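**Student:** Would you mind keeping the following structure in view while I ask a few things?
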Amino acid sequence: MKPKIITLTVNPAIDKSTTVRGIKPNSKLRCETPIFEAGGGGINVSKVLQKLGQDSICMYLEGGHTGAYFKKLLNKSGISQEPISIQGVTRENLAVTDLSCHQQFRFGMPGPEVTTEECNKTLQHLDPLLTEGTFLVASGSLSPGMPLDFYARVAKLAQAKKAKLILDTSGEPLFIGAQAGAFLLKPNLGELSRLCGVTEISFTDLIPLAQKFMANNPCELMVVSLGPQGAFVITQDYHEHINAPVVYQNSTIGAGDSMVAGMVFALANHKSISDTAKFGVACGTAATMTPGSQLCTIEDANKLYEYIQQHPATKNL
Ligand SMILES: Nc1ncnc2c1ncn2[C@@H]1O[C@H](COP(=O)(O)OP(=O)(O)OP(=O)(O)O)[C@@H](O)[C@H]1O
Ligand SMILES: [Mg+2]
């Protein structure tokens with residue numbers, strides 16, 4: 001039987017994207033008709049899972065007129081939803097591509113204020129949905145007003161139900177959440193440095209530092225993503241480097257979320273740890289082949305996965 005997958009996005013956004021020819025200060029910039037998409041870490045993970053043919057339940061906080069529109073946008077995708085209504089207004093982010101230089105400018109808003117009662121309501125809503133073996137993906141930034149230990153509280157709920165938490169966030173919420181315990185962490189190098197309390201990490205000390213963190217904290221599996229250099233998959237007694245294939249690159253937006261989705265998909269389909277990381281790298285790299293904020297396609301992901309399986313990782317990293 002396939003385990004249940006829940007994604008949790010506490011600070012989702014309506015992602016607005018548009019184009020303009022030439023960005024200059026103090027002038028009216030005439031943009032093309034914008035595209036509106038429901039976005040946020042867990043939302044993107046659910047979208048990729050759907051492309052891979054895997055059901056998930058998408059839990060998120062929403063409020064105000066933008067919250068209503070967010071729900072409508074997500075309704076179109078057909079993904080199962082568990083919206084939690086809040087008083088604040090769902091944020092809108094903006095990405096503008098300047099066609100004259102092919103550069104994208106991304107403006108991220110902080111998100112609405114979330115009260116203590118709303119945090120408690122979220123946890124109470126999540127609790128009965130968790131069962132033994134459920135994969136819970138908590139991904140993205142916290143909203144203003146949320147306590148820094150919010151993901152730690154999520155981790156405790158998951159542990160109590162024997163659910164498997166996959167935590168993908170950054171800064172203090174990651175640090176505190178990871179200490180509370182996660183089944184899988186997917187830090188990039190900067191996030192791993194924060195977890196390990198060091199300013200910089202080289203490839204030579206990455207594995208001992210990650211293993212030390214796992215020895216001191218309840219975390220079973222770590223996949224450290226390295227952008228174009230792929231990823232390291234690390235457990236207490238095993239590590240492997242997975243190369244990212246060289247591809248024609250369009251935009252790295254969504255690479256991390258696509259990677260997490262690929263790994264959850266593989267785990268839910270009982271793949272080995274090595275194959276899970278390989279499929280994650282395949283999905284992450286596939287996301288870099290699509291333009292703008294588009295996530296990976298299943299065709300690219302499967303082709304890259306086959307390539308990665310046939311080309312063992314470099315030994316000297
Ligand atoms: N330039 C690239 N070329 C090939 N693959 C890439 C590139 N950038 C990212 N990837 C793929 O995506 C995966 C995740 O990327 P990255 O390490 O940048 O994650 P991240 O920092 O969490 O990204 P995000 O900003 O999306 O959260 C990598 O392990 C790799 O497989
Ligand atoms: Mg990331």
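Labeling convention for the structure tokens: chains A, B, ... as they appear, residues from 1 per chain, ligands from 1 in order of appearance.
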If you run DSSP on this backbone, which residues of region 20-110 of chain A come out as strand (DSSP E or B), and could you give them as a PDB file with all heavy atoms, in the first residue's frame?

**Tutor:**
ATOM      1  N   VAL A  20       8.664  42.520 -19.305  1.00  0.00           N
ATOM      2  CA  VAL A  20       8.732  43.935 -19.676  1.00  0.00           C
ATOM      3  C   VAL A  20       9.986  44.099 -20.549  1.00  0.00           C
ATOM      4  O   VAL A  20      10.917  43.298 -20.433  1.00  0.00           O
ATOM      5  CB  VAL A  20       8.767  44.822 -18.396  1.00  0.00           C
ATOM      6  CG1 VAL A  20      10.097  44.732 -17.676  1.00  0.00           C
ATOM      7  CG2 VAL A  20       8.402  46.254 -18.674  1.00  0.00           C
ATOM      8  N   ILE A  35       0.776  36.234 -15.445  1.00  0.00           N
ATOM      9  CA  ILE A  35       0.296  34.865 -15.190  1.00  0.00           C
ATOM     10  C   ILE A  35       0.197  34.740 -13.669  1.00  0.00           C
ATOM     11  O   ILE A  35       1.092  35.194 -12.944  1.00  0.00           O
ATOM     12  CB  ILE A  35       1.302  33.833 -15.751  1.00  0.00           C
ATOM     13  CG1 ILE A  35       1.365  33.933 -17.275  1.00  0.00           C
ATOM     14  CG2 ILE A  35       0.928  32.410 -15.330  1.00  0.00           C
ATOM     15  CD1 ILE A  35       2.518  33.186 -17.881  1.00  0.00           C
ATOM     16  N   PHE A  36      -0.886  34.152 -13.185  1.00  0.00           N
ATOM     17  CA  PHE A  36      -1.082  33.958 -11.739  1.00  0.00           C
ATOM     18  C   PHE A  36      -0.998  32.476 -11.423  1.00  0.00           C
ATOM     19  O   PHE A  36      -1.665  31.675 -12.079  1.00  0.00           O
ATOM     20  CB  PHE A  36      -2.472  34.477 -11.315  1.00  0.00           C
ATOM     21  CG  PHE A  36      -2.647  35.960 -11.524  1.00  0.00           C
ATOM     22  CD1 PHE A  36      -3.075  36.461 -12.748  1.00  0.00           C
ATOM     23  CD2 PHE A  36      -2.387  36.853 -10.505  1.00  0.00           C
ATOM     24  CE1 PHE A  36      -3.236  37.826 -12.952  1.00  0.00           C
ATOM     25  CE2 PHE A  36      -2.551  38.214 -10.688  1.00  0.00           C
ATOM     26  CZ  PHE A  36      -2.971  38.704 -11.910  1.00  0.00           C
ATOM     27  N   GLU A  37      -0.190  32.149 -10.427  1.00  0.00           N
ATOM     28  CA  GLU A  37      -0.079  30.739 -10.024  1.00  0.00           C
ATOM     29  C   GLU A  37      -0.089  30.628  -8.511  1.00  0.00           C
ATOM     30  O   GLU A  37       0.404  31.524  -7.821  1.00  0.00           O
ATOM     31  CB  GLU A  37       1.237  30.146 -10.525  1.00  0.00           C
ATOM     32  CG  GLU A  37       1.272  29.870 -12.007  1.00  0.00           C
ATOM     33  CD  GLU A  37       2.685  29.680 -12.496  1.00  0.00           C
ATOM     34  OE1 GLU A  37       3.485  30.630 -12.396  1.00  0.00           O
ATOM     35  OE2 GLU A  37       2.992  28.576 -12.950  1.00  0.00           O
ATOM     36  N   ALA A  38      -0.626  29.504  -8.018  1.00  0.00           N
ATOM     37  CA  ALA A  38      -0.552  29.232  -6.580  1.00  0.00           C
ATOM     38  C   ALA A  38       0.852  28.702  -6.304  1.00  0.00           C
ATOM     39  O   ALA A  38       1.293  27.749  -6.949  1.00  0.00           O
ATOM     40  CB  ALA A  38      -1.605  28.198  -6.199  1.00  0.00           C
ATOM     41  N   GLY A  39       1.566  29.350  -5.378  1.00  0.00           N
ATOM     42  CA  GLY A  39       2.948  28.939  -5.112  1.00  0.00           C
ATOM     43  C   GLY A  39       3.263  28.840  -3.633  1.00  0.00           C
ATOM     44  O   GLY A  39       2.446  29.170  -2.771  1.00  0.00           O
ATOM     45  N   ILE A  57      -2.073  15.495  -0.194  1.00  0.00           N
ATOM     46  CA  ILE A  57      -3.015  16.458   0.392  1.00  0.00           C
ATOM     47  C   ILE A  57      -2.216  17.715   0.692  1.00  0.00           C
ATOM     48  O   ILE A  57      -1.165  17.659   1.327  1.00  0.00           O
ATOM     49  CB  ILE A  57      -3.628  15.909   1.707  1.00  0.00           C
ATOM     50  CG1 ILE A  57      -4.366  14.602   1.443  1.00  0.00           C
ATOM     51  CG2 ILE A  57      -4.555  16.948   2.349  1.00  0.00           C
ATOM     52  CD1 ILE A  57      -4.750  13.859   2.709  1.00  0.00           C
ATOM     53  N   CYS A  58      -2.745  18.826   0.210  1.00  0.00           N
ATOM     54  CA  CYS A  58      -2.018  20.080   0.312  1.00  0.00           C
ATOM     55  C   CYS A  58      -2.660  20.931   1.415  1.00  0.00           C
ATOM     56  O   CYS A  58      -3.775  21.410   1.243  1.00  0.00           O
ATOM     57  CB  CYS A  58      -2.210  20.724  -1.047  1.00  0.00           C
ATOM     58  SG  CYS A  58      -1.105  21.959  -1.446  1.00  0.00           S
ATOM     59  N   MET A  59      -1.971  21.086   2.531  1.00  0.00           N
ATOM     60  CA  MET A  59      -2.508  21.896   3.624  1.00  0.00           C
ATOM     61  C   MET A  59      -1.812  23.263   3.619  1.00  0.00           C
ATOM     62  O   MET A  59      -0.591  23.328   3.496  1.00  0.00           O
ATOM     63  CB  MET A  59      -2.269  21.187   4.961  1.00  0.00           C
ATOM     64  CG  MET A  59      -2.838  21.958   6.119  1.00  0.00           C
ATOM     65  SD  MET A  59      -2.519  21.159   7.679  1.00  0.00           S
ATOM     66  CE  MET A  59      -3.853  20.066   7.732  1.00  0.00           C
ATOM     67  N   TYR A  60      -2.594  24.317   3.725  1.00  0.00           N
ATOM     68  CA  TYR A  60      -1.987  25.660   3.680  1.00  0.00           C
ATOM     69  C   TYR A  60      -2.871  26.669   4.393  1.00  0.00           C
ATOM     70  O   TYR A  60      -4.064  26.439   4.596  1.00  0.00           O
ATOM     71  CB  TYR A  60      -1.760  26.089   2.216  1.00  0.00           C
ATOM     72  CG  TYR A  60      -3.010  26.160   1.396  1.00  0.00           C
ATOM     73  CD1 TYR A  60      -3.737  27.337   1.273  1.00  0.00           C
ATOM     74  CD2 TYR A  60      -3.492  25.031   0.740  1.00  0.00           C
ATOM     75  CE1 TYR A  60      -4.903  27.395   0.531  1.00  0.00           C
ATOM     76  CE2 TYR A  60      -4.673  25.080   0.005  1.00  0.00           C
ATOM     77  CZ  TYR A  60      -5.362  26.266  -0.095  1.00  0.00           C
ATOM     78  OH  TYR A  60      -6.530  26.325  -0.827  1.00  0.00           O
ATOM     79  N   LEU A  61      -2.256  27.766   4.777  1.00  0.00           N
ATOM     80  CA  LEU A  61      -2.984  28.852   5.432  1.00  0.00           C
ATOM     81  C   LEU A  61      -3.408  29.861   4.365  1.00  0.00           C
ATOM     82  O   LEU A  61      -2.605  30.162   3.463  1.00  0.00           O
ATOM     83  CB  LEU A  61      -2.089  29.542   6.472  1.00  0.00           C
ATOM     84  CG  LEU A  61      -2.022  28.902   7.862  1.00  0.00           C
ATOM     85  CD1 LEU A  61      -1.563  27.465   7.798  1.00  0.00           C
ATOM     86  CD2 LEU A  61      -1.102  29.697   8.777  1.00  0.00           C
ATOM     87  N   GLU A  62      -4.622  30.364   4.470  1.00  0.00           N
ATOM     88  CA  GLU A  62      -5.055  31.357   3.472  1.00  0.00           C
ATOM     89  C   GLU A  62      -6.015  32.354   4.116  1.00  0.00           C
ATOM     90  O   GLU A  62      -6.720  32.021   5.059  1.00  0.00           O
ATOM     91  CB  GLU A  62      -5.695  30.677   2.255  1.00  0.00           C
ATOM     92  CG  GLU A  62      -6.921  29.807   2.515  1.00  0.00           C
ATOM     93  CD  GLU A  62      -8.203  30.561   2.771  1.00  0.00           C
ATOM     94  OE1 GLU A  62      -8.337  31.703   2.278  1.00  0.00           O
ATOM     95  OE2 GLU A  62      -9.070  30.034   3.484  1.00  0.00           O
ATOM     96  N   SER A  80      -5.895  17.623  -3.844  1.00  0.00           N
ATOM     97  CA  SER A  80      -6.718  17.652  -2.621  1.00  0.00           C
ATOM     98  C   SER A  80      -6.208  18.756  -1.704  1.00  0.00           C
ATOM     99  O   SER A  80      -5.000  18.874  -1.484  1.00  0.00           O
ATOM    100  CB  SER A  80      -6.611  16.350  -1.842  1.00  0.00           C
ATOM    101  OG  SER A  80      -6.936  15.291  -2.646  1.00  0.00           O
ATOM    102  N   GLN A  81      -7.149  19.518  -1.141  1.00  0.00           N
ATOM    103  CA  GLN A  81      -6.734  20.668  -0.333  1.00  0.00           C
ATOM    104  C   GLN A  81      -7.271  20.604   1.083  1.00  0.00           C
ATOM    105  O   GLN A  81      -8.385  20.133   1.298  1.00  0.00           O
ATOM    106  CB  GLN A  81      -7.280  21.959  -0.944  1.00  0.00           C
ATOM    107  CG  GLN A  81      -6.825  22.238  -2.333  1.00  0.00           C
ATOM    108  CD  GLN A  81      -7.404  23.558  -2.831  1.00  0.00           C
ATOM    109  OE1 GLN A  81      -7.463  24.531  -2.095  1.00  0.00           O
ATOM    110  NE2 GLN A  81      -7.827  23.585  -4.077  1.00  0.00           N
ATOM    111  N   GLU A  82      -6.499  21.136   2.009  1.00  0.00           N
ATOM    112  CA  GLU A  82      -6.941  21.339   3.392  1.00  0.00           C
ATOM    113  C   GLU A  82      -6.587  22.779   3.748  1.00  0.00           C
ATOM    114  O   GLU A  82      -5.590  23.043   4.433  1.00  0.00           O
ATOM    115  CB  GLU A  82      -6.201  20.377   4.347  1.00  0.00           C
ATOM    116  CG  GLU A  82      -6.619  18.936   4.249  1.00  0.00           C
ATOM    117  CD  GLU A  82      -7.990  18.637   4.859  1.00  0.00           C
ATOM    118  OE1 GLU A  82      -8.478  19.449   5.672  1.00  0.00           O
ATOM    119  OE2 GLU A  82      -8.572  17.598   4.506  1.00  0.00           O
ATOM    120  N   PRO A  83      -7.361  23.755   3.253  1.00  0.00           N
ATOM    121  CA  PRO A  83      -7.037  25.152   3.568  1.00  0.00           C
ATOM    122  C   PRO A  83      -7.405  25.481   5.009  1.00  0.00           C
ATOM    123  O   PRO A  83      -8.402  24.986   5.524  1.00  0.00           O
ATOM    124  CB  PRO A  83      -7.882  25.955   2.582  1.00  0.00           C
ATOM    125  CG  PRO A  83      -8.925  25.029   2.088  1.00  0.00           C
ATOM    126  CD  PRO A  83      -8.531  23.619   2.379  1.00  0.00           C
ATOM    127  N   ILE A  84      -6.583  26.290   5.646  1.00  0.00           N
ATOM    128  CA  ILE A  84      -6.882  26.750   7.004  1.00  0.00           C
ATOM    129  C   ILE A  84      -7.035  28.255   6.929  1.00  0.00           C
ATOM    130  O   ILE A  84      -6.097  28.962   6.529  1.00  0.00           O
ATOM    131  CB  ILE A  84      -5.753  26.340   7.966  1.00  0.00           C
ATOM    132  CG1 ILE A  84      -5.748  24.811   8.034  1.00  0.00           C
ATOM    133  CG2 ILE A  84      -5.950  26.951   9.351  1.00  0.00           C
ATOM    134  CD1 ILE A  84      -4.528  24.231   8.586  1.00  0.00           C
ATOM    135  N   SER A  85      -8.225  28.723   7.283  1.00  0.00           N
ATOM    136  CA  SER A  85      -8.468  30.143   7.063  1.00  0.00           C
ATOM    137  C   SER A  85      -7.909  30.989   8.214  1.00  0.00           C
ATOM    138  O   SER A  85      -8.014  30.629   9.393  1.00  0.00           O
ATOM    139  CB  SER A  85      -9.965  30.327   6.798  1.00  0.00           C
ATOM    140  OG  SER A  85     -10.528  31.079   7.779  1.00  0.00           O
ATOM    141  N   ARG A  91      -0.234  36.499   0.770  1.00  0.00           N
ATOM    142  CA  ARG A  91       0.685  37.405   0.048  1.00  0.00           C
ATOM    143  C   ARG A  91       0.685  37.141  -1.460  1.00  0.00           C
ATOM    144  O   ARG A  91       0.278  36.075  -1.923  1.00  0.00           O
ATOM    145  CB  ARG A  91       2.099  37.256   0.606  1.00  0.00           C
ATOM    146  CG  ARG A  91       2.696  35.900   0.333  1.00  0.00           C
ATOM    147  CD  ARG A  91       4.078  35.788   0.942  1.00  0.00           C
ATOM    148  NE  ARG A  91       4.533  34.401   0.894  1.00  0.00           N
ATOM    149  CZ  ARG A  91       5.787  34.040   0.741  1.00  0.00           C
ATOM    150  NH1 ARG A  91       6.732  34.950   0.639  1.00  0.00           N
ATOM    151  NH2 ARG A  91       6.113  32.765   0.707  1.00  0.00           N
ATOM    152  N   GLU A  92       1.188  38.140  -2.167  1.00  0.00           N
ATOM    153  CA  GLU A  92       1.381  38.007  -3.617  1.00  0.00           C
ATOM    154  C   GLU A  92       2.837  38.330  -3.907  1.00  0.00           C
ATOM    155  O   GLU A  92       3.337  39.369  -3.487  1.00  0.00           O
ATOM    156  CB  GLU A  92       0.513  39.014  -4.366  1.00  0.00           C
ATOM    157  CG  GLU A  92      -0.960  38.746  -4.278  1.00  0.00           C
ATOM    158  CD  GLU A  92      -1.753  39.908  -4.842  1.00  0.00           C
ATOM    159  OE1 GLU A  92      -1.973  40.875  -4.094  1.00  0.00           O
ATOM    160  OE2 GLU A  92      -2.130  39.867  -6.018  1.00  0.00           O
ATOM    161  N   ASN A  93       3.514  37.453  -4.608  1.00  0.00           N
ATOM    162  CA  ASN A  93       4.892  37.722  -5.031  1.00  0.00           C
ATOM    163  C   ASN A  93       4.893  38.111  -6.508  1.00  0.00           C
ATOM    164  O   ASN A  93       3.960  37.784  -7.237  1.00  0.00           O
ATOM    165  CB  ASN A  93       5.769  36.488  -4.822  1.00  0.00           C
ATOM    166  CG  ASN A  93       5.986  36.215  -3.340  1.00  0.00           C
ATOM    167  OD1 ASN A  93       5.855  37.122  -2.510  1.00  0.00           O
ATOM    168  ND2 ASN A  93       6.297  34.978  -3.001  1.00  0.00           N
ATOM    169  N   LEU A  94       5.939  38.790  -6.899  1.00  0.00           N
ATOM    170  CA  LEU A  94       6.012  39.267  -8.286  1.00  0.00           C
ATOM    171  C   LEU A  94       7.354  38.906  -8.905  1.00  0.00           C
ATOM    172  O   LEU A  94       8.407  39.133  -8.287  1.00  0.00           O
ATOM    173  CB  LEU A  94       5.824  40.794  -8.287  1.00  0.00           C
ATOM    174  CG  LEU A  94       5.930  41.482  -9.645  1.00  0.00           C
ATOM    175  CD1 LEU A  94       4.785  41.072 -10.567  1.00  0.00           C
ATOM    176  CD2 LEU A  94       5.924  43.007  -9.465  1.00  0.00           C
ATOM    177  N   ALA A  95       7.312  38.351 -10.103  1.00  0.00           N
ATOM    178  CA  ALA A  95       8.546  38.079 -10.864  1.00  0.00           C
ATOM    179  C   ALA A  95       8.411  38.763 -12.213  1.00  0.00           C
ATOM    180  O   ALA A  95       7.433  38.542 -12.935  1.00  0.00           O
ATOM    181  CB  ALA A  95       8.743  36.585 -11.030  1.00  0.00           C
ATOM    182  N   VAL A  96       9.379  39.627 -12.534  1.00  0.00           N
ATOM    183  CA  VAL A  96       9.328  40.350 -13.809  1.00  0.00           C
ATOM    184  C   VAL A  96      10.574  39.995 -14.612  1.00  0.00           C
ATOM    185  O   VAL A  96      11.698  40.171 -14.137  1.00  0.00           O
ATOM    186  CB  VAL A  96       9.264  41.880 -13.582  1.00  0.00           C
ATOM    187  CG1 VAL A  96       9.133  42.605 -14.912  1.00  0.00           C
ATOM    188  CG2 VAL A  96       8.101  42.248 -12.659  1.00  0.00           C
ATOM    189  N   THR A  97      10.367  39.493 -15.814  1.00  0.00           N
ATOM    190  CA  THR A  97      11.513  39.188 -16.679  1.00  0.00           C
ATOM    191  C   THR A  97      11.702  40.347 -17.641  1.00  0.00           C
ATOM    192  O   THR A  97      10.765  40.746 -18.347  1.00  0.00           O
ATOM    193  CB  THR A  97      11.269  37.872 -17.461  1.00  0.00           C
ATOM    194  OG1 THR A  97      11.070  36.839 -16.505  1.00  0.00           O
ATOM    195  CG2 THR A  97      12.456  37.525 -18.340  1.00  0.00           C
ATOM    196  N   ASP A  98      12.921  40.876 -17.645  1.00  0.00           N
ATOM    197  CA  ASP A  98      13.268  41.950 -18.568  1.00  0.00           C
ATOM    198  C   ASP A  98      13.723  41.308 -19.876  1.00  0.00           C
ATOM    199  O   ASP A  98      14.773  40.655 -19.931  1.00  0.00           O
ATOM    200  CB  ASP A  98      14.386  42.806 -17.951  1.00  0.00           C
ATOM    201  CG  ASP A  98      14.732  43.992 -18.816  1.00  0.00           C
ATOM    202  OD1 ASP A  98      14.350  43.996 -20.012  1.00  0.00           O
ATOM    203  OD2 ASP A  98      15.391  44.921 -18.304  1.00  0.00           O
ATOM    204  N   GLN A 103      16.868  38.867 -17.935  1.00  0.00           N
ATOM    205  CA  GLN A 103      17.108  38.718 -16.494  1.00  0.00           C
ATOM    206  C   GLN A 103      15.758  38.744 -15.797  1.00  0.00           C
ATOM    207  O   GLN A 103      14.877  39.509 -16.182  1.00  0.00           O
ATOM    208  CB  GLN A 103      17.913  39.901 -15.946  1.00  0.00           C
ATOM    209  CG  GLN A 103      19.218  40.118 -16.629  1.00  0.00           C
ATOM    210  CD  GLN A 103      20.369  39.599 -15.788  1.00  0.00           C
ATOM    211  OE1 GLN A 103      20.247  38.548 -15.151  1.00  0.00           O
ATOM    212  NE2 GLN A 103      21.459  40.314 -15.773  1.00  0.00           N
ATOM    213  N   GLN A 104      15.640  37.918 -14.732  1.00  0.00           N
ATOM    214  CA  GLN A 104      14.381  37.929 -13.988  1.00  0.00           C
ATOM    215  C   GLN A 104      14.566  38.626 -12.638  1.00  0.00           C
ATOM    216  O   GLN A 104      15.554  38.365 -11.935  1.00  0.00           O
ATOM    217  CB  GLN A 104      13.873  36.500 -13.758  1.00  0.00           C
ATOM    218  CG  GLN A 104      12.451  36.493 -13.225  1.00  0.00           C
ATOM    219  CD  GLN A 104      11.953  35.107 -12.892  1.00  0.00           C
ATOM    220  OE1 GLN A 104      12.629  34.350 -12.220  1.00  0.00           O
ATOM    221  NE2 GLN A 104      10.763  34.774 -13.339  1.00  0.00           N
ATOM    222  N   PHE A 105      13.663  39.509 -12.302  1.00  0.00           N
ATOM    223  CA  PHE A 105      13.683  40.212 -11.013  1.00  0.00           C
ATOM    224  C   PHE A 105      12.545  39.646 -10.177  1.00  0.00           C
ATOM    225  O   PHE A 105      11.384  39.671 -10.612  1.00  0.00           O
ATOM    226  CB  PHE A 105      13.515  41.724 -11.220  1.00  0.00           C
ATOM    227  CG  PHE A 105      14.643  42.317 -12.029  1.00  0.00           C
ATOM    228  CD1 PHE A 105      14.611  42.275 -13.419  1.00  0.00           C
ATOM    229  CD2 PHE A 105      15.739  42.871 -11.396  1.00  0.00           C
ATOM    230  CE1 PHE A 105      15.662  42.789 -14.171  1.00  0.00           C
ATOM    231  CE2 PHE A 105      16.796  43.396 -12.135  1.00  0.00           C
ATOM    232  CZ  PHE A 105      16.758  43.352 -13.528  1.00  0.00           C
ATOM    233  N   ARG A 106      12.878  39.150  -8.988  1.00  0.00           N
ATOM    234  CA  ARG A 106      11.845  38.490  -8.171  1.00  0.00           C
ATOM    235  C   ARG A 106      11.631  39.276  -6.887  1.00  0.00           C
ATOM    236  O   ARG A 106      12.584  39.547  -6.150  1.00  0.00           O
ATOM    237  CB  ARG A 106      12.278  37.059  -7.838  1.00  0.00           C
ATOM    238  CG  ARG A 106      12.409  36.208  -9.086  1.00  0.00           C
ATOM    239  CD  ARG A 106      13.200  34.959  -8.799  1.00  0.00           C
ATOM    240  NE  ARG A 106      12.447  33.994  -8.021  1.00  0.00           N
ATOM    241  CZ  ARG A 106      12.972  32.905  -7.479  1.00  0.00           C
ATOM    242  NH1 ARG A 106      14.258  32.653  -7.611  1.00  0.00           N
ATOM    243  NH2 ARG A 106      12.225  32.081  -6.801  1.00  0.00           N
ATOM    244  N   PHE A 107      10.396  39.641  -6.624  1.00  0.00           N
ATOM    245  CA  PHE A 107      10.053  40.398  -5.425  1.00  0.00           C
ATOM    246  C   PHE A 107       9.212  39.501  -4.519  1.00  0.00           C
ATOM    247  O   PHE A 107       8.097  39.118  -4.893  1.00  0.00           O
ATOM    248  CB  PHE A 107       9.281  41.667  -5.796  1.00  0.00           C
ATOM    249  CG  PHE A 107      10.038  42.567  -6.756  1.00  0.00           C
ATOM    250  CD1 PHE A 107       9.903  42.401  -8.132  1.00  0.00           C
ATOM    251  CD2 PHE A 107      10.909  43.533  -6.277  1.00  0.00           C
ATOM    252  CE1 PHE A 107      10.613  43.190  -9.020  1.00  0.00           C
ATOM    253  CE2 PHE A 107      11.621  44.338  -7.162  1.00  0.00           C
ATOM    254  CZ  PHE A 107      11.484  44.168  -8.543  1.00  0.00           C
TER     255      PHE A 107
END

**Student:** Residues at most 7 Å from ligand 2, using only C-alpha atoms and all ligand atoms? Could they come as a ChimeraX atom specification?

**Tutor:** /A:168-169,187-188,256-257

**Student:** Go ahead and save the picked residues with N, CA and C atoms, as a PDB file, in the first residue's frame.

**Tutor:**
ATOM      1  N   ASP A 168      11.988  21.189   4.770  1.00  0.00           N
ATOM      2  CA  ASP A 168      12.785  21.980   3.825  1.00  0.00           C
ATOM      3  C   ASP A 168      12.491  23.455   4.051  1.00  0.00           C
ATOM      4  N   THR A 169      13.284  24.041   4.932  1.00  0.00           N
ATOM      5  CA  THR A 169      13.144  25.468   5.197  1.00  0.00           C
ATOM      6  C   THR A 169      14.546  25.998   5.479  1.00  0.00           C
ATOM      7  N   PRO A 187      19.035  20.153   3.213  1.00  0.00           N
ATOM      8  CA  PRO A 187      19.633  21.487   3.217  1.00  0.00           C
ATOM      9  C   PRO A 187      20.516  21.694   1.984  1.00  0.00           C
ATOM     10  N   ASN A 188      20.653  22.945   1.542  1.00  0.00           N
ATOM     11  CA  ASN A 188      21.735  23.241   0.601  1.00  0.00           C
ATOM     12  C   ASN A 188      22.955  23.563   1.464  1.00  0.00           C
ATOM     13  N   GLY A 256      14.812  23.186  -5.935  1.00  0.00           N
ATOM     14  CA  GLY A 256      14.770  22.568  -4.608  1.00  0.00           C
ATOM     15  C   GLY A 256      13.438  21.864  -4.356  1.00  0.00           C
ATOM     16  N   ASP A 257      12.334  22.520  -4.694  1.00  0.00           N
ATOM     17  CA  ASP A 257      11.003  21.925  -4.464  1.00  0.00           C
ATOM     18  C   ASP A 257      10.811  20.677  -5.337  1.00  0.00           C
TER      19      ASP A 257
END

**Student:** Just want the residues within 6 Å of ligand 1, written as a list in words, counting only C-alpha atoms and all ligand atoms.

**Tutor:**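 Within the 6 Å cut-off, the matching residues are Asn188, Ser225, Leu226, Gly227, Pro228, Gly230, Ala231, Ala244, Val246, Thr252, Ile253, Gly254, Ala255, Gly256, Asp257, Met259, Val281, Ala282, Gly284 and Thr285 of chain A.
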
**Student:** Kindly give the distance, in Å, that separates CA of Pro147 (chain A) and CA of Glu220 (chain A), rounded to a single decimal.

**Tutor:**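 For CA of Pro147 (chain A) relative to CA of Glu220 (chain A), the distance reads 25.0 Å.
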
**Student:** Measuring between only C-alpha atoms, which one of A:Val45, A:Ala68, A:Val10, A:Cys196 shows the shortest distance to Cys283 (chain A)?

**Tutor:**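 Selected residue with least distance to Cys283 (chain A): A:Val45.
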